[in-house]
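Colleague: Structure supplied as target25.txt; contents: compact mmCIF, C-alpha atoms and all ligand atoms.
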```txt
# COMPACT_ATOMS: atom_id res chain seq x y z
CA MET H 1 19.12 -10.97 0.48
CA LYS H 2 16.99 -9.72 -2.43
CA ILE H 3 13.28 -9.26 -1.66
CA LYS H 4 11.25 -11.01 -4.34
CA LYS H 5 7.83 -11.49 -2.75
CA ALA H 6 5.21 -8.93 -1.79
CA VAL H 7 1.87 -9.10 -0.02
CA ILE H 8 -0.84 -6.53 -0.72
CA PRO H 9 -3.56 -6.65 1.94
CA ALA H 10 -6.76 -5.48 0.26
CA ALA H 11 -9.47 -7.23 2.25
CA GLY H 12 -10.59 -4.37 4.51
CA LEU H 13 -14.14 -3.03 4.65
CA GLY H 14 -13.19 0.51 3.67
CA THR H 15 -15.72 2.13 5.98
CA ARG H 16 -14.11 5.57 5.61
CA VAL H 17 -14.98 5.79 1.93
CA LEU H 18 -18.53 4.45 2.09
CA PRO H 19 -20.78 4.33 0.17
CA ALA H 20 -18.25 4.07 -2.71
CA SER H 21 -16.80 0.95 -1.10
CA LYS H 22 -20.11 -0.81 -0.44
CA ALA H 23 -19.97 -3.02 -3.53
CA MET H 24 -16.63 -1.94 -5.02
CA PRO H 25 -13.27 -2.48 -3.30
CA LYS H 26 -11.72 0.84 -2.25
CA GLU H 27 -8.48 -0.52 -3.73
CA MET H 28 -10.19 -0.22 -7.14
CA LEU H 29 -11.01 3.49 -6.74
CA PRO H 30 -9.46 5.17 -9.78
CA ILE H 31 -6.90 7.94 -9.75
CA VAL H 32 -7.97 9.56 -13.03
CA ASP H 33 -7.98 6.38 -15.16
CA LYS H 34 -6.08 3.74 -13.19
CA PRO H 35 -7.25 1.91 -10.07
CA ALA H 36 -5.24 2.43 -6.89
CA ILE H 37 -4.14 -1.20 -6.72
CA GLN H 38 -2.55 -1.03 -10.18
CA TYR H 39 -0.29 1.83 -9.04
CA ILE H 40 0.70 -0.36 -6.10
CA VAL H 41 1.42 -3.45 -8.21
CA GLU H 42 3.47 -1.29 -10.62
CA GLU H 43 5.47 0.10 -7.68
CA ALA H 44 6.19 -3.43 -6.45
CA VAL H 45 7.35 -4.52 -9.92
CA ARG H 46 9.59 -1.45 -10.27
CA SER H 47 11.08 -2.40 -6.88
CA GLY H 48 12.20 -5.81 -8.18
CA ILE H 49 9.30 -7.84 -6.75
CA GLU H 50 8.49 -10.94 -8.82
CA ASP H 51 5.65 -12.65 -6.94
CA ILE H 52 2.68 -10.84 -5.44
CA LEU H 53 -0.08 -12.12 -3.18
CA ILE H 54 -3.17 -9.94 -2.95
CA ILE H 55 -5.31 -10.61 0.13
CA THR H 56 -8.94 -10.22 -0.91
CA SER H 57 -12.34 -10.85 0.62
CA ARG H 58 -15.97 -11.34 -0.40
CA GLY H 59 -17.12 -9.00 -3.14
CA LYS H 60 -13.59 -8.04 -4.16
CA SER H 61 -13.02 -10.40 -7.08
CA ILE H 62 -13.05 -7.57 -9.64
CA MET H 63 -9.44 -7.01 -8.59
CA GLU H 64 -8.69 -10.44 -10.08
CA ASP H 65 -10.57 -9.51 -13.27
CA HIS H 66 -8.52 -6.32 -13.54
CA PHE H 67 -5.22 -8.20 -13.63
CA ASP H 68 -6.57 -10.91 -15.96
CA ARG H 69 -6.86 -11.01 -19.77
CA ALA H 70 -10.13 -9.64 -21.18
CA PRO H 71 -10.56 -11.47 -24.53
CA GLU H 72 -13.83 -9.85 -25.60
CA LEU H 73 -12.64 -6.33 -24.86
CA GLU H 74 -9.24 -7.02 -26.44
CA ALA H 75 -10.86 -8.35 -29.65
CA ARG H 76 -13.12 -5.30 -29.84
CA LEU H 77 -10.21 -2.89 -29.36
CA LEU H 78 -8.14 -4.65 -32.04
CA ALA H 79 -11.05 -4.68 -34.50
CA ALA H 80 -11.54 -0.96 -33.93
CA GLY H 81 -7.85 -0.29 -34.58
CA LYS H 82 -7.33 0.97 -31.02
CA GLN H 83 -3.84 -0.51 -30.75
CA ARG H 84 -2.66 1.72 -27.89
CA GLN H 85 -5.61 0.83 -25.66
CA TYR H 86 -5.24 -2.84 -26.64
CA ASP H 87 -1.57 -2.88 -25.67
CA GLU H 88 -2.36 -1.18 -22.37
CA VAL H 89 -5.16 -3.59 -21.48
CA VAL H 90 -3.04 -6.64 -22.36
CA SER H 91 0.01 -5.36 -20.47
CA ILE H 92 -1.92 -5.13 -17.17
CA ALA H 93 -2.38 -8.91 -17.22
CA GLY H 94 1.38 -9.41 -17.65
CA LEU H 95 2.59 -6.99 -14.97
CA ALA H 96 3.59 -9.63 -12.43
CA ASN H 97 2.91 -13.11 -11.19
CA ILE H 98 -0.12 -12.35 -9.00
CA GLN H 99 -1.90 -14.79 -6.72
CA TYR H 100 -4.94 -14.19 -4.54
CA LEU H 101 -6.01 -15.42 -1.13
CA ARG H 102 -9.22 -14.72 0.72
CA GLN H 103 -9.20 -13.45 4.26
CA LYS H 104 -12.46 -15.01 5.38
CA GLU H 105 -13.06 -12.63 8.28
CA THR H 106 -11.95 -9.01 8.52
CA ARG H 107 -9.78 -9.48 11.59
CA GLY H 108 -7.29 -6.72 10.93
CA LEU H 109 -4.16 -5.94 8.95
CA GLY H 110 -2.04 -8.22 11.16
CA HIS H 111 -4.35 -11.13 10.43
CA ALA H 112 -4.37 -10.31 6.70
CA VAL H 113 -0.56 -10.51 6.66
CA TRP H 114 -0.63 -13.72 8.70
CA CYS H 115 -2.81 -15.27 5.96
CA ALA H 116 0.21 -14.93 3.61
CA LYS H 117 2.35 -17.34 5.69
CA SER H 118 2.49 -20.25 3.24
CA PHE H 119 2.93 -17.94 0.21
CA VAL H 120 5.90 -16.22 1.85
CA GLY H 121 7.65 -19.32 3.26
CA ASP H 122 11.03 -18.70 4.85
CA GLU H 123 12.17 -15.43 3.26
CA PRO H 124 11.77 -11.71 3.92
CA PHE H 125 8.90 -10.05 2.07
CA ALA H 126 7.43 -6.63 1.39
CA VAL H 127 3.97 -5.49 2.47
CA LEU H 128 2.28 -2.75 0.43
CA TYR H 129 -0.98 -1.57 2.02
CA GLY H 130 -3.67 -1.82 -0.64
CA ASP H 131 -5.12 1.63 -0.07
CA ASP H 132 -1.85 3.58 0.12
CA VAL H 133 -0.66 4.80 -3.25
CA ILE H 134 2.85 6.28 -3.22
CA ILE H 135 4.01 8.15 -6.29
CA GLY H 136 7.66 9.01 -6.84
CA GLU H 137 10.66 8.47 -9.13
CA ASP H 138 12.30 5.98 -6.78
CA PRO H 139 9.64 3.41 -5.77
CA ALA H 140 9.05 3.50 -2.01
CA CYS H 141 8.98 -0.30 -1.72
CA GLY H 142 12.41 -0.46 -3.39
CA GLN H 143 13.80 2.09 -0.91
CA LEU H 144 12.70 -0.17 1.94
CA CYS H 145 14.08 -3.29 0.25
CA ARG H 146 17.50 -1.60 -0.03
CA ALA H 147 17.40 -0.80 3.70
CA TYR H 148 16.58 -4.45 4.45
CA GLU H 149 19.58 -5.50 2.37
CA GLU H 150 21.80 -3.00 4.23
CA PHE H 151 20.76 -3.87 7.80
CA GLY H 152 19.16 -7.33 7.64
CA LEU H 153 16.38 -6.05 9.91
CA GLY H 154 12.65 -5.48 9.44
CA VAL H 155 11.99 -2.10 7.80
CA VAL H 156 9.04 0.26 8.03
CA GLY H 157 8.21 3.15 5.72
CA ILE H 158 7.77 6.22 7.89
CA LYS H 159 6.54 9.80 7.47
CA GLU H 160 5.78 12.63 9.88
CA VAL H 161 2.08 13.33 10.26
CA ALA H 162 0.41 16.43 11.68
CA PRO H 163 0.44 16.30 15.53
CA GLU H 164 -3.36 16.51 15.70
CA LEU H 165 -3.67 13.46 13.43
CA ILE H 166 -1.15 11.10 15.07
CA CYS H 167 -3.94 9.59 17.24
CA LYS H 168 -5.34 7.98 14.07
CA TYR H 169 -2.02 6.38 13.10
CA SER H 170 0.88 4.59 14.77
CA SER H 171 3.49 6.63 16.62
CA LEU H 172 7.17 5.68 16.66
CA LYS H 173 10.23 6.25 18.83
CA THR H 174 13.15 6.80 16.47
CA GLU H 175 16.89 7.49 16.54
CA PRO H 176 18.69 8.78 13.42
CA LEU H 177 21.00 6.33 11.61
CA HIS H 178 22.08 8.09 8.41
CA ASP H 179 20.38 10.11 5.66
CA ASN H 180 16.66 9.29 5.79
CA LEU H 181 17.16 6.12 7.83
CA PHE H 182 16.26 5.70 11.50
CA ARG H 183 16.40 3.01 14.14
CA VAL H 184 12.90 2.29 15.46
CA THR H 185 12.93 1.32 19.11
CA ASP H 186 9.29 1.56 20.16
CA MET H 187 5.85 2.02 18.62
CA VAL H 188 2.21 2.37 19.61
CA GLU H 189 -0.93 2.03 17.44
CA LYS H 190 -3.49 4.87 17.63
CA PRO H 191 -1.92 6.47 20.74
CA ALA H 192 -4.20 8.01 23.39
CA PRO H 193 -3.43 11.71 24.08
CA GLY H 194 -0.12 11.98 25.90
CA LYS H 195 1.02 8.50 24.79
CA GLU H 196 2.54 9.67 21.47
CA LEU H 197 6.20 8.72 20.99
CA SER H 198 6.77 11.15 18.07
CA ASN H 199 4.94 12.41 14.99
CA TYR H 200 6.62 9.71 12.91
CA SER H 201 4.18 7.04 11.82
CA ILE H 202 4.35 3.85 9.74
CA LEU H 203 2.69 4.71 6.46
CA GLY H 204 1.89 2.21 3.77
CA ARG H 205 4.93 -0.02 3.39
CA CYS H 206 7.13 -2.43 5.30
CA VAL H 207 9.58 -5.25 4.68
CA LEU H 208 9.43 -8.04 7.22
CA PRO H 209 11.39 -11.17 8.10
CA PRO H 210 9.42 -14.47 8.15
CA LYS H 211 9.75 -14.43 11.96
CA ILE H 212 6.78 -12.01 11.95
CA PHE H 213 4.44 -14.99 11.40
CA ASP H 214 5.44 -16.61 14.71
CA ILE H 215 4.84 -13.29 16.43
CA LEU H 216 1.47 -12.72 14.69
CA GLU H 217 0.36 -16.17 15.79
CA HIS H 218 0.53 -14.97 19.39
CA THR H 219 -0.65 -11.40 18.85
CA ALA H 220 -3.93 -10.70 20.62
CA PRO H 221 -6.48 -8.29 19.13
CA GLY H 222 -5.48 -4.69 19.87
CA ALA H 223 -6.86 -1.27 18.89
CA GLY H 224 -10.38 -1.60 17.42
CA GLY H 225 -10.55 -5.30 18.38
CA GLU H 226 -8.40 -6.14 15.32
CA ILE H 227 -5.09 -8.00 15.13
CA GLN H 228 -2.75 -5.09 14.56
CA LEU H 229 0.39 -5.49 12.47
CA THR H 230 1.91 -2.67 14.54
CA ASP H 231 1.62 -4.77 17.72
CA ALA H 232 3.55 -7.60 16.07
CA MET H 233 6.13 -5.19 14.64
CA LEU H 234 6.63 -3.76 18.14
CA GLN H 235 7.68 -7.23 19.33
CA LEU H 236 10.09 -7.42 16.42
CA ALA H 237 11.47 -3.95 17.17
CA LEU H 238 12.01 -4.89 20.83
CA SER H 239 13.66 -8.27 20.12
CA ASP H 240 15.70 -7.60 16.97
CA GLY H 241 15.38 -3.86 16.25
CA MET H 242 13.78 -2.34 13.17
CA VAL H 243 14.76 0.34 10.69
CA GLY H 244 12.56 3.22 9.52
CA VAL H 245 12.91 4.76 6.05
CA ASP H 246 11.51 8.27 5.62
CA TYR H 247 10.85 7.44 1.98
CA THR H 248 10.71 9.90 -0.88
CA GLY H 249 7.47 10.06 -2.85
CA VAL H 250 4.00 11.42 -2.18
CA ARG H 251 1.55 9.16 -0.37
CA TYR H 252 -2.16 9.27 -1.07
CA ASP H 253 -4.53 7.62 1.39
CA MET H 254 -7.09 6.06 -0.93
CA GLY H 255 -8.95 4.83 2.12
CA SER H 256 -10.03 8.40 2.95
CA LYS H 257 -12.25 10.78 1.01
CA LEU H 258 -9.75 13.66 1.18
CA GLY H 259 -6.91 11.39 0.09
CA VAL H 260 -8.88 10.28 -2.98
CA LEU H 261 -9.52 13.90 -3.95
CA GLN H 262 -5.87 14.90 -3.44
CA ALA H 263 -4.69 11.98 -5.57
CA ILE H 264 -7.05 12.78 -8.42
CA VAL H 265 -6.16 16.50 -8.46
CA GLU H 266 -2.38 16.02 -8.26
CA VAL H 267 -2.15 13.12 -10.69
CA GLY H 268 -4.71 14.76 -12.96
CA LEU H 269 -2.52 17.86 -13.27
CA THR H 270 0.38 15.81 -14.67
CA HIS H 271 -1.72 13.46 -16.80
CA PRO H 272 -0.46 13.41 -20.42
CA GLU H 273 -3.94 13.27 -21.92
CA VAL H 274 -6.03 15.59 -19.74
CA GLY H 275 -3.44 17.45 -17.62
CA ALA H 276 -3.39 20.71 -19.62
CA ASP H 277 -7.18 21.00 -19.84
CA PHE H 278 -7.55 20.08 -16.19
CA ARG H 279 -5.03 22.80 -15.21
CA ASP H 280 -7.05 25.42 -17.14
CA TYR H 281 -10.23 24.21 -15.49
CA LEU H 282 -8.69 24.30 -12.00
CA LYS H 283 -7.31 27.83 -12.54
CA LYS H 284 -10.77 29.09 -13.51
CA MET H 285 -12.39 27.14 -10.73
CA SER H 286 -9.99 28.44 -8.07
CA CYS H 287 -11.00 32.06 -8.88
CA THR H 288 -14.48 31.23 -7.65
CA LEU H 289 -13.30 29.82 -4.29
P1 LIG D 301 -7.19 -0.06 6.83
O1 LIG D 301 -7.36 -0.15 8.30
O2 LIG D 301 -6.85 1.25 6.22
O3 LIG D 301 -8.45 -0.64 6.06
O4 LIG D 301 -6.12 -1.17 6.42
P2 LIG D 301 -9.99 -0.75 6.44
O5 LIG D 301 -10.18 -1.62 7.63
O6 LIG D 301 -10.66 -1.14 5.18
O7 LIG D 301 -10.31 0.78 6.79
P3 LIG D 301 -11.62 1.52 7.31
O8 LIG D 301 -11.16 2.13 8.60
O9 LIG D 301 -12.76 0.54 7.44
O10 LIG D 301 -11.92 2.58 6.29
C1 LIG D 301 -5.03 -0.98 5.50
C2 LIG D 301 -5.06 -2.04 4.42
O11 LIG D 301 -5.22 -3.34 4.98
C3 LIG D 301 -6.31 -4.03 4.40
C4 LIG D 301 -7.21 -2.95 3.83
O12 LIG D 301 -7.93 -3.45 2.70
C5 LIG D 301 -6.25 -1.84 3.45
O13 LIG D 301 -5.79 -1.95 2.13
N1 LIG D 301 -6.98 -4.85 5.45
C6 LIG D 301 -7.45 -4.31 6.60
C7 LIG D 301 -7.13 -6.21 5.22
O14 LIG D 301 -6.68 -6.75 4.18
N2 LIG D 301 -7.76 -6.97 6.16
C8 LIG D 301 -8.24 -6.45 7.33
O15 LIG D 301 -8.82 -7.22 8.13
C9 LIG D 301 -8.09 -5.07 7.53
```
The structure in this file should be written as structure tokens.

Modeller:
Amino acid sequence: MKIKKAVIPAAGLGTRVLPASKAMPKEMLPIVDKPAIQYIVEEAVRSGIEDILIITSRGKSIMEDHFDRAPELEARLLAAGKQRQYDEVVSIAGLANIQYLRQKETRGLGHAVWCAKSFVGDEPFAVLYGDDVIIGEDPACGQLCRAYEEFGLGVVGIKEVAPELICKYSSLKTEPLHDNLFRVTDMVEKPAPGKELSNYSILGRCVLPPKIFDILEHTAPGAGGEIQLTDAMLQLALSDGMVGVDYTGVRYDMGSKLGVLQAIVEVGLTHPEVGADFRDYLKKMSCTL
């Protein structure tokens, strides 16, 4: 079954990137000249997604403005003969069919996904975490959608993280299937020392069957007092099994200060407009380090 719907949870408080995220959503932090959430919407579209629901919260409505038309700006750009910028600004509003829903209380990623129940209906759907930008030729979301089509099971995007960092993520028990695909048989969110299952963690993307909503309904708050999507996915893994895709592409954690810096440096180096100058600057700069 083709995956046509995606949910982008973007209602979190973004405490790790304060004070930048005090009045501005972290999902709007730019990588050079494009906000993180636009990279994510573009990835979803390249993956064949047609309908997108962005989960927002108070103070985050500039995300809606970003994907809307901007008549005054457009008129000014046209009048100034800035056709390229005009085309770019207009095209953002036509990227996809995007809807928005407010999560009224920040009750966790699991709760944010649960809010998408009536948008999703009775079909499998993709979840793209609003602060995880993944850049690569083959869109990560599409890689997961293909795995869903192959196995008919829930799919998680997985990557190995440094052993000393696994306590901040989820930890998975995996068995190889073929190529970069794994069966996921167990998982734990933010494992205490000694409770790690492996260094594989769920990072940024998943494709879930609608059954997840019944599970989320009965999922009690977990780590951090929040309703954890991982806890619901564990139930799914235990009852039906899940598949992990060690996706290709580089992931940038735009919810962390270091991740923001890494994204800007790496994308900046390949940027068509400023890449060459930025490379010269970095070379000079690195001599002083
Ligand atoms: P995070 O756990 O990284 O977001 O959730 P956070 O809670 O904003 O992070 P910190 O720890 O305070 O810095 C991953 C994604 O899920 C969304 C976030 O906006 C982020 O894109 N999220 C999280 C929600 O939509 N609702 C929530 O209640 C929590």

Colleague: Would you list the residues near (3.0, -16.1, 4.9), meaning any protein, DNA or RNA residue with an atom at most 10 Å from that point in file coordinates, counting all atoms listed in the file, as a ChimeraX atom specification?

Modeller: /H:7,53,112-125,210-213

Colleague: Taking only C-alpha atoms and all ligand atoms and a cut-off of 6 Å, can you tell me which residues surround ligand LIG 301 (chain D), written as a PyMOL selection string?

Modeller: chain H and resi 9-16+55+106-109+112+129-131+255

Colleague: Take the point (-4.8, -7.7, 16.9) as written in the file and pick out every residue within 12 Å of it, counting all atoms listed in the file; give the list as a ChimeraX atom specification.

Modeller: /H:106-114,189,215-233

Colleague: So how many Å separate CA of Ala36 in chain H and CA of Cys141 in chain H, to one decimal?

Modeller: 15.4 Å

Colleague: Neighbouring residues of Gly194 in chain H were defined as those with any atom within 12 Å, considering only C-alpha atoms; residues of the same chain fewer than 2 positions away were excluded. Please report them as number ranges by chain.

Modeller: H: 163-164, 166-167, 171, 188, 190-192, 196-198

Colleague: CA of Gly275 in chain H to CA of Lys34 in chain H: how many Å, to one decimal?

Modeller: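 So the answer is 14.6 Å.
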
Colleague: May I ask which of the residues H:Glu42, H:Glu175, H:Asp240, H:Asp138 is the closest one to Leu153 in chain H, counting all atoms listed in the file?

Modeller: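 Among the listed residues, H:Asp240 lies closest to Leu153 in chain H.
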
Colleague: In Å, rounded to a single decimal, give me how far CA of Asp179 in chain H is from CA of Gly241 in chain H.

Modeller: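 Computing it gives 18.2 Å between the two atoms.
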
Colleague: For Phe151 in chain H, find every residue with an atom within 12 Å (counting only C-alpha atoms), except residues of its own chain fewer than 3 positions away, and show them as an MDAnalysis selection string.

Modeller: chainID H and resid 1 144:148 154:155 177 181:183 207 209 240:245

Colleague: Using only C-alpha atoms, which of the listed residues (H:Leu208, H:Val161, H:Leu238, H:Ile40) sits closest to Glu149 in chain H?

Modeller: H:Leu208

Colleague: Taking only C-alpha atoms into account, name the residue in H:Leu29, H:Leu165, H:Ala237, H:Ile158 that is nearest to Ile202 in chain H.

Modeller: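 Of the candidates, the smallest distance to Ile202 in chain H is held by H:Ile158.
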
Colleague: Measuring between all atoms listed in the file, which one of H:Lys2, H:Arg251, H:Lys82, H:Arg46 shows the shortest distance to Ala263 in chain H?

Modeller: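 Looking only at the distances to Ala263 in chain H, the closest residue turns out to be H:Arg251.
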